[in-house]
There are 2 protein chains.
Amino acid sequence: MATPPTPPTPPSSGLSCPVPLSHRTEITVGHGGGGRLTQELIDRVFRPAFANPALEAQHDGALLRLPDGTRLAFTTDSHVVSPLFFPGGDIGEIAVNGTVNDLCMCGARPLWLSAGFVLEEGFPIATLEKVVASMKAAAVVAGVSIVTGDTKVVERGKGDGLYVTTAGVGVIETKLTIAPASIRAGDAVILSGDIGRHGMAIMATRAGLEFESALVSDCAPLVAPVQALLQSGLEIHCLRDLTRGGLATTLVELAESSKLSIAVDAAKIPVSELVQGACEILGLDPLYVANEGRFVCLVPAAQAAEALAIIAKTAPGGPPAVIGHVDAGPAGQVTQRSVIGAERIVDRLSGEQLPRIC
Amino acid sequence: MATPPTPPTPPSSGLSCPVPLSHRTEITVGHGGGGRLTQELIDRVFRPAFANPALEAQHDGALLRLPDGTRLAFTTDSHVVSPLFFPGGDIGEIAVNGTVNDLCMCGARPLWLSAGFVLEEGFPIATLEKVVASMKAAAVVAGVSIVTGDTKVVERGKGDGLYVTTAGVGVIETKLTIAPASIRAGDAVILSGDIGRHGMAIMATRAGLEFESALVSDCAPLVAPVQALLQSGLEIHCLRDLTRGGLATTLVELAESSKLSIAVDAAKIPVSELVQGACEILGLDPLYVANEGRFVCLVPAAQAAEALAIIAKTAPGGPPAVIGHVDAGPAGQVTQRSVIGAERIVDRLSGEQLPRIC
């Protein structure tokens, strides 16, 4: 059977409609962007094959139960960020915090991490030592141990210096099920801090913008705010960090998995002037820019003020804000009211706005 | 400070003495070989940074204890095998069985796997689907679920098609501590089957040897024999699968971590004629060739016959054999008595005999 030719990838505005995966025969950079193409790849290739309830929950990690009833969270992320070092962090810090935060988003207390390194022949050992020192420091801050690992080496030209895949295990001590399925109409959507710093720090570095050094990644562990929220006794429904695809993609994912709708108010979404300026120069929408230390928390509206106060005290990048709420429908729809009052539908990131951001 | 020039890597015979890591400034292919250079890299870079008891145990995975006392095993492996498909398996099957087997070697019942994919732009989606189908099939056979995952894409020329990192979690139900620290002088060393099939299947494919199709990888899950051993009530001291670096490197690792010595008898180590022939053609020693479905089991000599019978009934690649025993010292030494009765010291694999074998 003849293979149909691959259609060209359209430029990605974050809002255009890309060629659907079903017409593609090859992996494109956009499949790694965390947006619509990534979701299509998951839906077409991974979910049907590996079908199980943990995957179907479409969460940041798997919620699991041991034979004795103990509840665990388990998650993984591969890290290919480029450059390896950027203002405010490096691949080692991101590899630890990314996995730690995914465990937090499952309502777990992160305990243990694994680390798999794919090194390219010729990679400087001193640079590896720097990355490893950074992983150690991040692990100490997050209160986790890196307990097992693996190292592979590929020939020169077959890698890009260093890729790090971490996986993490945490214990779920709350009785709540923190997951998209727990979201309810009437929930408030709380954003933990200002958005876009990580993505713009990377982009500014790559583009060589003058103000690059002022733009610092928000890479940080979210253990403190999440533990405080869980211990408060509040009825937390869902937590989700705003990584690849940014706030917009996260909200669409949550609306789709919960089969509810989410309405947010642009005026309430904190964006620093620096990020806003850099986004304007590069033609990007901060709603789609990746973060590595920000999350949304969905709680019943009546408990929003208390949750907000806890997040304000404990989360990096504050002050947090209630940016919107959950409605009964239409299922999967996210709308944003602009500063001048116009309403628009928010879509997932399509294609790859910021390749290799984490 | 001027960086000293990197000395050239000597050819690797499996026995030569390579340039020590302390004189190297760059990663070489040998650092991924699972032999002496890999160990030096771990000892210099990873262990000092991540120092914790689980890592210090130098096992195939971490033995962990949850706050409620439940014991878990946790492990990871990155897979960069080339070619992706080979007689008897593919990268997907190896990625599942490799991690499943590391959990087994910790005395755990494997439960859950994660999978992180690093894809190169342009990789055929149909090939990814084939690999994923193979992972699914292997997971079903091993009785595990792939519950969480991640996908990243790197630009054309920055990867090599596909790298897969799996991590795994298993529950330890035995009261035994299956680990190098449990090995005792007087233990028998049982080998579960014939050695060298996986490495030689890959090498024969790469070299285009005529008999390549007859040489089939031994890639297989070791859940059945390990569960049978654990349920037998025998006092299993240690289990270790014979992957990178082969039987020789495994034995040296066990002798070093247990601070005991191991003596084996070459005449008792099963090697198929096919593997022996291929090794002779390529100038390799089967003792250093990688396996993906073979293990050694260390038990008190008085229980060796019973363990042997269980392994014979349940393990792939039999018949198994008692190939040697553990002595009090010299610590870390492995000796092999040849077929004609001469004794030689067995060293780790040095450098990289078989690059990208898994």
# chains A, B, ... in the order shown; residues from 1 in each chain; ligands from 1
call {"tool": "residues_around", "arguments": {"residues": "segment 330-346 of chain A", "least_positions_apart": "4", "cutoff": "10 Å", "atoms": "only C-alpha atoms", "output": "list in words"}}
result
Gly14, Leu15, Ala248, Thr249, Leu251, Val252, Glu253, Leu254, Ala255, Glu256, Ser257, Ser258, Lys259, Leu260, Ser261, Ile262, Ala263, Val264, Asp265, Ala266, Ala267, Lys268, Leu287, Ile323, Gly324 and Val326 of chain A
call {"tool": "write_last_selection", "arguments": {"atoms": "N, CA and C atoms", "output": "compact mmCIF listing (two decimals), in the first residue's frame"}}
result
# COMPACT_ATOMS: atom_id res chain seq x y z
N GLY A 14 -0.81 28.95 17.90
CA GLY A 14 -1.48 28.61 19.14
C GLY A 14 -2.98 28.54 18.94
N LEU A 15 -3.44 28.97 17.78
CA LEU A 15 -4.89 28.96 17.57
C LEU A 15 -5.28 28.38 16.21
N ALA A 248 -3.77 28.00 28.96
CA ALA A 248 -4.88 27.75 28.05
C ALA A 248 -5.07 26.24 27.84
N THR A 249 -3.98 25.56 27.50
CA THR A 249 -4.07 24.12 27.21
C THR A 249 -4.50 23.35 28.46
N LEU A 251 -6.41 24.40 30.90
CA LEU A 251 -7.85 24.60 31.15
C LEU A 251 -8.68 23.76 30.18
N VAL A 252 -8.25 23.70 28.91
CA VAL A 252 -8.99 22.90 27.93
C VAL A 252 -8.93 21.42 28.33
N GLU A 253 -7.76 20.96 28.74
CA GLU A 253 -7.64 19.56 29.18
C GLU A 253 -8.60 19.27 30.34
N LEU A 254 -8.64 20.18 31.30
CA LEU A 254 -9.50 19.96 32.47
C LEU A 254 -10.98 20.00 32.09
N ALA A 255 -11.34 20.94 31.20
CA ALA A 255 -12.74 21.03 30.76
C ALA A 255 -13.13 19.76 30.01
N GLU A 256 -12.23 19.28 29.17
CA GLU A 256 -12.54 18.08 28.39
C GLU A 256 -12.63 16.85 29.27
N SER A 257 -11.63 16.65 30.16
CA SER A 257 -11.68 15.42 30.97
C SER A 257 -12.83 15.44 31.96
N SER A 258 -13.23 16.62 32.42
CA SER A 258 -14.33 16.66 33.40
C SER A 258 -15.69 16.77 32.72
N LYS A 259 -15.70 16.99 31.41
CA LYS A 259 -16.94 17.19 30.63
C LYS A 259 -17.77 18.35 31.16
N LEU A 260 -17.05 19.39 31.60
CA LEU A 260 -17.68 20.62 32.06
C LEU A 260 -17.10 21.78 31.25
N SER A 261 -17.55 23.00 31.55
CA SER A 261 -16.93 24.15 30.86
C SER A 261 -16.28 25.06 31.90
N ILE A 262 -15.32 25.83 31.43
CA ILE A 262 -14.59 26.74 32.32
C ILE A 262 -14.62 28.13 31.70
N ALA A 263 -14.92 29.14 32.50
CA ALA A 263 -14.90 30.53 32.03
C ALA A 263 -13.87 31.29 32.85
N VAL A 264 -12.95 31.97 32.16
CA VAL A 264 -11.96 32.77 32.89
C VAL A 264 -12.02 34.22 32.43
N ASP A 265 -11.47 35.07 33.27
CA ASP A 265 -11.53 36.51 33.05
C ASP A 265 -10.10 37.00 32.81
N ALA A 266 -9.79 37.46 31.61
CA ALA A 266 -8.42 37.84 31.25
C ALA A 266 -7.84 38.86 32.22
N ALA A 267 -8.69 39.76 32.68
CA ALA A 267 -8.20 40.84 33.55
C ALA A 267 -7.65 40.31 34.87
N LYS A 268 -8.07 39.10 35.23
CA LYS A 268 -7.64 38.55 36.52
C LYS A 268 -6.40 37.67 36.43
N LEU A 287 -0.93 33.09 27.50
CA LEU A 287 -1.82 32.01 27.91
C LEU A 287 -1.30 30.64 27.45
N ILE A 323 -9.38 33.22 38.99
CA ILE A 323 -9.43 33.72 37.61
C ILE A 323 -10.69 33.30 36.87
N GLY A 324 -11.49 32.42 37.48
CA GLY A 324 -12.69 31.99 36.76
C GLY A 324 -13.44 30.93 37.54
N VAL A 326 -16.11 27.09 37.08
CA VAL A 326 -16.54 25.95 36.26
C VAL A 326 -18.06 26.02 36.10
call {"tool": "interface_residues", "arguments": {"of": "chain A", "to": "chain B", "cutoff": "7 Å", "atoms": "only C-alpha atoms", "output": "ChimeraX atom specification"}}
result
/A:25-29,31-32,45,49-50,52,54-55,61-62,75-78,114,116-118,121-126,129,132-133,136,146-155,157-160,165,167
call {"tool": "residues_around", "arguments": {"residues": "Asp241 of chain A", "least_positions_apart": "5", "cutoff": "10 Å", "atoms": "only C-alpha atoms", "output": "JSON, numbers by chain"}}
result
{"A": [60, 98, 101, 102, 104, 105, 191, 192, 222, 246, 247, 250, 290, 291, 292, 293, 294, 295, 296, 297]}
call {"tool": "select_by_dssp", "arguments": {"residues": "segment 144-353 of chain A", "states": "strand (DSSP E or B)", "output": "PyMOL selection string"}}
result
chain A and resi 145-154+162-171+187-191+238-241+261-265+295-300+321-327+334-337+343-346
call {"tool": "atom_distance", "arguments": {"atom1": "atom CA of Ala224 of chain B", "atom2": "atom CA of Gly88 of chain B"}}
result
19.4 Å
call {"tool": "select_by_dssp", "arguments": {"residues": "segment 81-299 of chain B", "states": "helix (DSSP H, G or I)", "output": "ChimeraX atom specification"}}
result
/B:91-105,125-142,180-182,197-207,210-214,223-231,246-258,266-268,273-282,286-288
call {"tool": "atom_distance", "arguments": {"atom1": "atom CA of Gly89 of chain B", "atom2": "atom CA of Ile172 of chain B"}}
result
28.3 Å
call {"tool": "atom_distance", "arguments": {"atom1": "atom CA of Val226 of chain B", "atom2": "atom CA of Gly69 of chain A"}}
result
24.1 Å
call {"tool": "residues_around", "arguments": {"residues": "Leu229 of chain B", "least_positions_apart": "6", "cutoff": "8 Å", "atoms": "only C-alpha atoms", "output": "ChimeraX atom specification"}}
result
/B:236,307,310-311
call {"tool": "write_last_selection", "arguments": {"atoms": "N, CA and C atoms", "output": "short mmCIF file (atom, residue, chain, number, x, y, z; two decimals), in the first residue's frame"}}
result
data_model
loop_
_atom_site.label_atom_id
_atom_site.label_comp_id
_atom_site.auth_asym_id
_atom_site.auth_seq_id
_atom_site.Cartn_x
_atom_site.Cartn_y
_atom_site.Cartn_z
N ILE B 236 16.39 -17.29 49.57
CA ILE B 236 17.08 -16.66 48.44
C ILE B 236 17.87 -15.45 48.97
N ALA B 307 16.33 -25.07 44.57
CA ALA B 307 16.21 -23.85 43.76
C ALA B 307 16.41 -24.17 42.28
N ILE B 310 13.31 -25.60 40.78
CA ILE B 310 12.26 -24.58 40.55
C ILE B 310 12.59 -23.75 39.31
N ILE B 311 13.85 -23.35 39.20
CA ILE B 311 14.26 -22.54 38.05
C ILE B 311 14.10 -23.36 36.76
#
call {"tool": "residues_around", "arguments": {"residues": "Ala179 of chain A", "least_positions_apart": "6", "cutoff": "7 Å", "atoms": "only C-alpha atoms", "output": "PyMOL selection string"}}
result
chain A and resi 59+106+237-238
